[in-house]
Each structure stands twice: as structure tokens, then as C-alpha cells.
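> Got a structure for you, questions after.
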Amino acid sequence: ELVEFCEKEDNAQPHIGVVTFKTTGSTRADEELYRVGTYCRIAAHAQSTTTLDGNREHNVVTLSVEGQCRFEIEKFKQKSPFYVADIRLHEEREDDAHDPAVAKLTQTVREQVSLLIGQPASQSDGSAKSLRGRFGSAKSVKGMPPSLLADVVGLTIAELSLSERQQVLSKFGLKPRLELVLDLLGKAAEVHRLSKEIDSKMRKRSEDELRETVLVR
């Protein structure tokens with residue numbers, strides 16, 4: 001039904017808006033959903049039937065989507081059986097990537113990410129592991145466009161809460177988005193530093209206690 005609605009509204013290329021539910025528990029559309037999401041092209045869809053709750057059958061629709069740009073919800077027009085709203089699209093400005101300030105921020109973000117994923121596996125925390133799993137190597141970081149880099153890093157940093165990830169998505173300008181991501185990377189690096197420091201102290205304490213035990217014997 002949703003796909004049919006999208007195809008009817010946009011015959012040439014059906015699209016869908018993807019937004020995240022808040023954890024407020026509210027049932028009002030304007031309170032339970034974040035106002036900024038991703039405008040996606042429906043690349044493919046499939047429908048299947050599965051059995052749940054004993055013998056009861058449920059239809060399952062699987063969508064394959066491709067993100068196009070950010071969008072902002074202006075007004076909800078329908079909530080059931082699915083959400084329909086008036087939205088405003090926020091396209092990326094290509095000339096932003098050529099701004100010297102943006103270029104400098106992009107380079108700094110790349111350096112911070114490269115430092116985290118370059119850590120030895122034995123010393124890596126959640127963010128380092130997740131970033132390494134996403135990028136693989138520093139070479140992949142260098143070749144990524146600034147906008148995509150900011151979005152991927154914001155999505156991948158392990159310690160971020162849902163609201164912090166949403167903050168990255170809600171930054172329409174490339175410069176403020178990179179600044180936010182750089183700040184979040186700094187916090188992740190500080191968490192890693194404190195974790196190493198605590199681990200080192202605990203290990204030294206265990207060694208000292210073991211040494212004292214041996215001397216007493």
C-alpha cells in the first residue's frame with residue numbers, strides 16, 4: 001500500500017522519507033518523530049508472507065532505498081496507515097566543499113579518524129573498532145568526499161547516543177556538520193585515553209598486589 005501510494009504520487013521515481021522515532025513514548029506524530037530525516041529513492045521492493053503468533057500470517061514488505069538528501073518535516077497531513085507530510089528538501093551545496101575552512105576541517109577529521117583506526121587492535125575501543133570496520137584503512141578515509149565523510153563518521157562512532165547521531169543529520173550546512181563531527185571525535189578520543197589510563201592503573205595495581213602476595217609467602 002505504501003509503495004503504491006509513492007508510485008501514484010511520484011510516477012517517474014517513487015521516493016520515501018526515512019525518519020527516526022524518539023524515545024519519548026509520545027503517540028503524537030509531531031512529538032514521536034524527529035523532524036529531520038533522509039529523502040530516499042525506492043530502488044526495489046518485495047513482498048513476502050511470514051507466519052507469526054501461531055498460525056497467523058503477516059505480510060512483510062522489504063524496501064531497498066538509496067539516500068538522496070536531507071529533508072525537514074514542515075507539517076503532517078496523515079498518520080495512518082502510514083505517515084504523510086509536507087517536507088522541505090535540503091540539497092548539499094557543491095561549492096561548500098571548496099571553502100578553505102571546510103577543506104581544513106575535512107583534513108582534520110580525516111586525521112582524527114586515521115589516528116583512531118590506526119591504533120593496535122589490542123588497544124582499540126568501540127569507536128576505533130567500528131571506524132576500522134567501516135573504513136578498513138586510512139586510504140579509504142582520504143578518498144571520501146567531505147559531506148559523506150561527516151555523515152559516515154557520525155553514524156559509525158560507537159559511543160554516540162541516538163540524539164547525538166540525529167544532531168549530525170540535522171546539521172544542514174557542511175561546515176557546522178564537520179565541526180560537530182570533529183567535536184564528537186574528540187570526545188571519542190578522550191574516552192579512549194581515559195579507558196587506557198584506567199586499564200593501565202588496574203593492571204599495575206594487580207601486578208603490585210601479586211608481587212606483595214609473593215613477598216609475604
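Identifiers in the C-alpha cells: chain A, B, ... in order shown; residue index from 1 per chain; ligand index from 1 in order shown.
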Could you give me, as CSV, a per-residue list for stretch 56-109 of chain A showing, wherever an atom lies at most 12 Å from an atom of stretch 175-199 of chain A, the closest pair of atoms and their distance in Å to one decimal, using only C-alpha atoms and sorting by chain then residue number from low to high?


```
residue,atom,partner,partner_atom,distance
A:Glu92,CA,A:Lys175,CA,11.5
A:Arg93,CA,A:Lys175,CA,11.1
A:Asp95,CA,A:Lys175,CA,11.6
A:Asp96,CA,A:Lys175,CA,7.8
A:Ala97,CA,A:Lys175,CA,8.8
A:His98,CA,A:Lys175,CA,10.9
A:Asp99,CA,A:Lys175,CA,8.8
A:Pro100,CA,A:Lys175,CA,10.2
A:Ala101,CA,A:Lys175,CA,7.5
A:Val102,CA,A:Lys175,CA,5.5
A:Ala103,CA,A:Lys175,CA,9.2
A:Lys104,CA,A:Lys175,CA,10.0
A:Leu105,CA,A:Leu178,CA,6.4
A:Thr106,CA,A:Leu178,CA,6.9
A:Gln107,CA,A:Leu178,CA,10.2
A:Thr108,CA,A:Leu182,CA,7.7
A:Val109,CA,A:Leu182,CA,5.8
```

> Name all residues at most 10 Å from stretch 85-91 of chain A (count only C-alpha atoms; drop same-chain ones fewer than 2 positions away) and give them as a JSON list (two decimals) with C-alpha atoms, in the first residue's frame.


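Contents of out23.json, freshly written:
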```
[["chain", "number", "residue", "atom", "x", "y", "z"],
["A", 17, "GLY", "CA", 11.22, 9.80, 3.70],
["A", 35, "ARG", "CA", 11.77, 16.47, 12.21],
["A", 36, "VAL", "CA", 14.82, 15.83, 10.01],
["A", 37, "GLY", "CA", 15.39, 12.65, 8.01],
["A", 38, "THR", "CA", 16.74, 11.24, 4.76],
["A", 39, "TYR", "CA", 14.90, 11.54, 1.45],
["A", 68, "GLN", "CA", 19.32, 11.33, -1.89],
["A", 69, "CYS", "CA", 19.43, 14.26, 0.53],
["A", 70, "ARG", "CA", 18.21, 15.55, 3.87],
["A", 71, "PHE", "CA", 14.66, 16.74, 4.38],
["A", 72, "GLU", "CA", 12.75, 18.60, 7.08],
["A", 73, "ILE", "CA", 9.15, 17.90, 8.04],
["A", 74, "GLU", "CA", 7.00, 21.03, 7.85],
["A", 75, "LYS", "CA", 3.52, 19.65, 8.52],
["A", 76, "PHE", "CA", 1.96, 16.22, 8.96],
["A", 77, "LYS", "CA", -1.03, 15.52, 6.71],
["A", 78, "GLN", "CA", -1.69, 11.88, 7.65],
["A", 79, "LYS", "CA", -0.62, 9.41, 10.31],
["A", 83, "TYR", "CA", 2.80, 8.97, 7.72],
["A", 93, "ARG", "CA", 25.76, 22.70, -1.95],
["A", 94, "GLU", "CA", 28.68, 21.52, -4.06],
["A", 172, "PHE", "CA", 22.31, 21.18, 7.03],
["A", 173, "GLY", "CA", 25.48, 23.19, 6.46]]
```

> Within 10 Å of A:Leu148, counting only C-alpha atoms, which residues qualify if same-chain residues fewer than 5 places away don't, as number ranges by chain?

A: 153-154, 174

> So, with only C-alpha atoms as the atoms that count, which of A:Gly126, A:Thr62, A:Gly118, A:Val113 lies closest to A:Val152?

A:Val113

> Could you pull the residues within 8 Å of A:Arg134, counting only C-alpha atoms, minus those fewer than 3 positions along the same chain, as a list in words?

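Once the nearby chain positions are removed, what remains is Ser130, Leu131 and Thr156 of chain A.
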
> Restricting it to N, CA, C and O atoms, dump the selection as a PDB file, in the first residue's frame.


```
ATOM      1  N   SER A 130      34.762   0.183  15.392  1.00  0.00           N
ATOM      2  CA  SER A 130      33.665   0.430  14.455  1.00  0.00           C
ATOM      3  C   SER A 130      34.132   1.244  13.258  1.00  0.00           C
ATOM      4  O   SER A 130      33.727   0.975  12.122  1.00  0.00           O
ATOM      5  N   LEU A 131      35.006   2.229  13.495  1.00  0.00           N
ATOM      6  CA  LEU A 131      35.539   3.031  12.387  1.00  0.00           C
ATOM      7  C   LEU A 131      36.437   2.186  11.484  1.00  0.00           C
ATOM      8  O   LEU A 131      36.386   2.308  10.261  1.00  0.00           O
ATOM      9  N   THR A 156      28.980   6.122  12.550  1.00  0.00           N
ATOM     10  CA  THR A 156      29.818   4.986  12.949  1.00  0.00           C
ATOM     11  C   THR A 156      30.386   5.069  14.358  1.00  0.00           C
ATOM     12  O   THR A 156      30.640   4.032  14.979  1.00  0.00           O
TER      13      THR A 156
END
```
